[in-house]
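Take a look at the structure set out below.
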Amino acid sequence: MKIAVPIWEDKVSPVLDTAAKLLIVETHNQNEIKRMEAILDELEISRRCFRISRLNIDVLICGAVSRTFSDMLAVSGIHIIPGIAGPVEEILGAYFKGALNQSKFLMPGCKKTDTAH
């Protein structure tokens with residue numbers, strides 16, 4: 001399984017549509033086996049979506065994302081978990097524990113979402 005998180009410094013990037021980097025964590029049986037970063041320099045949403053879909057991402061944990069971009073990624077088979085904020089390592093840890101829907105990980109104004117994995 002591949003999990004992606006748009007990053008800015010050591011935190012989840014606030015807006016996926018304009019994020020410059022993705023952290024990609026490859027796992028097996030919920031154990032991390034590999035990490036890499038991908039640069040997102042595509043400005044057009046359709047090209048950005050194509051780039052992300054070619055990375056074979058299964059789950060994308062992000063902050064804000066436009067409806068258009070979210071829909072395009074979902075059609076590509078990527079499960080989107082939007083409205084998440086905080087330090088990347090804490091977010092990943094919470095995801096693996098099934099605890100990502102805690103209010104401390106939600107962007108202000110966001111409701112709890114389905115974080116099943």
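Each chain of the structure tokens is named A, B, ... in the order shown, its residues numbered from 1; ligands are numbered from 1 in display order.
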
Review point. Looking only at the backbone, which of the residues in stretch 33-115 of chain A does DSSP tag as strand (DSSP E or B), as a list of chain:residue names?
Key: A:Ile33, A:Lys34, A:Arg35, A:Met36, A:Glu37, A:Ala38, A:Ile39, A:Val59, A:Leu60, A:Ile61, A:Ala64, A:His79, A:Ile80, A:Ile81, A:Ile84, A:Pro87, A:Leu106

Review point. Which polymer residues have any atom within 12 Å of an atom of A:Leu73, counting only C-alpha atoms, with same-chain residues fewer than 6 positions away left out, as a list in words?
Key: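 Near neighbours after the sequence-gap exclusion: Leu16, Asp17, Ile45, Ser46, Arg47, Arg48, Cys49, Phe50, Arg51, Ile52, Ser53, Arg54, Leu55, Asn56, Ile57, Asp58, Val59, Leu60, Ile61, Val65, Ser66, Arg67, His79, Ile80, Ile81 and Pro82 of chain A.
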
Check your understanding: Nearest to A:Asp10 among A:Val88, A:Met107, A:Leu43, A:Val25, with distances taken over only C-alpha atoms: which residue is it?
Key -> A:Val88

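The alpha helix (DSSP H) portion of chain A consists of Ile45, Ser46, Arg47, Arg48, Cys49, Phe50, Arg51, Ile52, Ser53, Arg67, Thr68, Phe69, Ser70, Asp71, Met72, Leu73, Ala74, Val75, Val88, Glu89, Glu90, Ile91, Leu92, Gly93, Ala94, Tyr95, Phe96 and Lys97 of chain A, with states taken from DSSP on the backbone.
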
Preceding selection exported with N, CA and C atoms as a compact mmCIF listing (two decimals), in the first residue's frame:
```txt
# COMPACT_ATOMS: atom_id res chain seq x y z
N ILE A 45 -4.47 21.42 -12.76
CA ILE A 45 -5.02 20.35 -11.91
C ILE A 45 -5.05 19.00 -12.63
N SER A 46 -5.43 18.98 -13.89
CA SER A 46 -5.50 17.69 -14.60
C SER A 46 -4.12 17.05 -14.73
N ARG A 47 -3.10 17.85 -14.97
CA ARG A 47 -1.73 17.31 -15.07
C ARG A 47 -1.23 16.86 -13.70
N ARG A 48 -1.59 17.62 -12.69
CA ARG A 48 -1.20 17.28 -11.31
C ARG A 48 -1.85 15.95 -10.92
N CYS A 49 -3.10 15.80 -11.27
CA CYS A 49 -3.82 14.56 -10.99
C CYS A 49 -3.18 13.38 -11.72
N PHE A 50 -2.85 13.59 -12.98
CA PHE A 50 -2.20 12.54 -13.77
C PHE A 50 -0.87 12.13 -13.12
N ARG A 51 -0.10 13.11 -12.68
CA ARG A 51 1.19 12.84 -12.03
C ARG A 51 1.00 12.00 -10.76
N ILE A 52 0.05 12.40 -9.94
CA ILE A 52 -0.20 11.68 -8.69
C ILE A 52 -0.72 10.27 -8.98
N SER A 53 -1.62 10.14 -9.94
CA SER A 53 -2.16 8.80 -10.24
C SER A 53 -1.07 7.86 -10.77
N ARG A 67 -12.91 20.63 -4.74
CA ARG A 67 -13.84 19.54 -5.10
C ARG A 67 -13.42 18.92 -6.43
N THR A 68 -13.04 19.74 -7.40
CA THR A 68 -12.64 19.23 -8.71
C THR A 68 -11.45 18.29 -8.60
N PHE A 69 -10.43 18.72 -7.87
CA PHE A 69 -9.22 17.91 -7.73
C PHE A 69 -9.53 16.63 -6.96
N SER A 70 -10.29 16.73 -5.89
CA SER A 70 -10.67 15.57 -5.10
C SER A 70 -11.43 14.55 -5.95
N ASP A 71 -12.38 15.03 -6.73
CA ASP A 71 -13.16 14.14 -7.59
C ASP A 71 -12.28 13.46 -8.63
N MET A 72 -11.36 14.20 -9.22
CA MET A 72 -10.46 13.63 -10.23
C MET A 72 -9.58 12.55 -9.62
N LEU A 73 -9.07 12.79 -8.42
CA LEU A 73 -8.22 11.80 -7.76
C LEU A 73 -9.04 10.56 -7.38
N ALA A 74 -10.25 10.77 -6.91
CA ALA A 74 -11.11 9.64 -6.54
C ALA A 74 -11.42 8.76 -7.75
N VAL A 75 -11.67 9.39 -8.91
CA VAL A 75 -11.92 8.63 -10.14
C VAL A 75 -10.69 7.81 -10.51
N VAL A 88 3.57 15.73 10.13
CA VAL A 88 3.44 14.55 9.29
C VAL A 88 3.63 13.25 10.06
N GLU A 89 4.64 13.17 10.90
CA GLU A 89 4.91 11.92 11.61
C GLU A 89 3.76 11.56 12.55
N GLU A 90 3.17 12.55 13.20
CA GLU A 90 2.01 12.30 14.07
C GLU A 90 0.81 11.85 13.25
N ILE A 91 0.62 12.46 12.11
CA ILE A 91 -0.49 12.11 11.22
C ILE A 91 -0.36 10.67 10.75
N LEU A 92 0.83 10.29 10.30
CA LEU A 92 1.04 8.92 9.84
C LEU A 92 0.83 7.93 10.98
N GLY A 93 1.37 8.23 12.15
CA GLY A 93 1.18 7.36 13.31
C GLY A 93 -0.29 7.18 13.64
N ALA A 94 -1.04 8.27 13.63
CA ALA A 94 -2.48 8.22 13.92
C ALA A 94 -3.21 7.42 12.84
N TYR A 95 -2.82 7.57 11.60
CA TYR A 95 -3.46 6.82 10.52
C TYR A 95 -3.29 5.32 10.74
N PHE A 96 -2.08 4.89 11.04
CA PHE A 96 -1.82 3.47 11.24
C PHE A 96 -2.54 2.92 12.47
N LYS A 97 -2.80 3.76 13.45
CA LYS A 97 -3.52 3.33 14.66
C LYS A 97 -5.04 3.45 14.49
```

Point to revise | Nearby residues (only C-alpha atoms) at most 7 Å from A:Leu22, same-chain spacing under 4 positions excluded, as a count of residues only | key: 7

**Study point:** For A:Arg35, the nearest of the candidates A:Ile3, A:Ala20, A:Cys62, A:Ser13, counting only C-alpha atoms
**Key:** A:Ile3

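Among the candidate residues A:Pro14, A:Gly63, A:Gly77, A:Gly86, the one lying nearest to A:Lys104 is A:Gly86, with distances computed using only C-alpha atoms.
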
Check your understanding: What separation in Å, quoted to one decimal, exists between atom CA of A:Cys110 and atom CA of A:Thr27?
Key ->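 Pair atom CA of A:Cys110 / atom CA of A:Thr27 returns 27.5 Å.
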
Review point. Rounded to one decimal in Å, what is the spacing between atom CA of A:Val12 and atom CA of A:Asn31?
Key: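 Atom CA of A:Asn31 lies 20.6 Å from atom CA of A:Val12.
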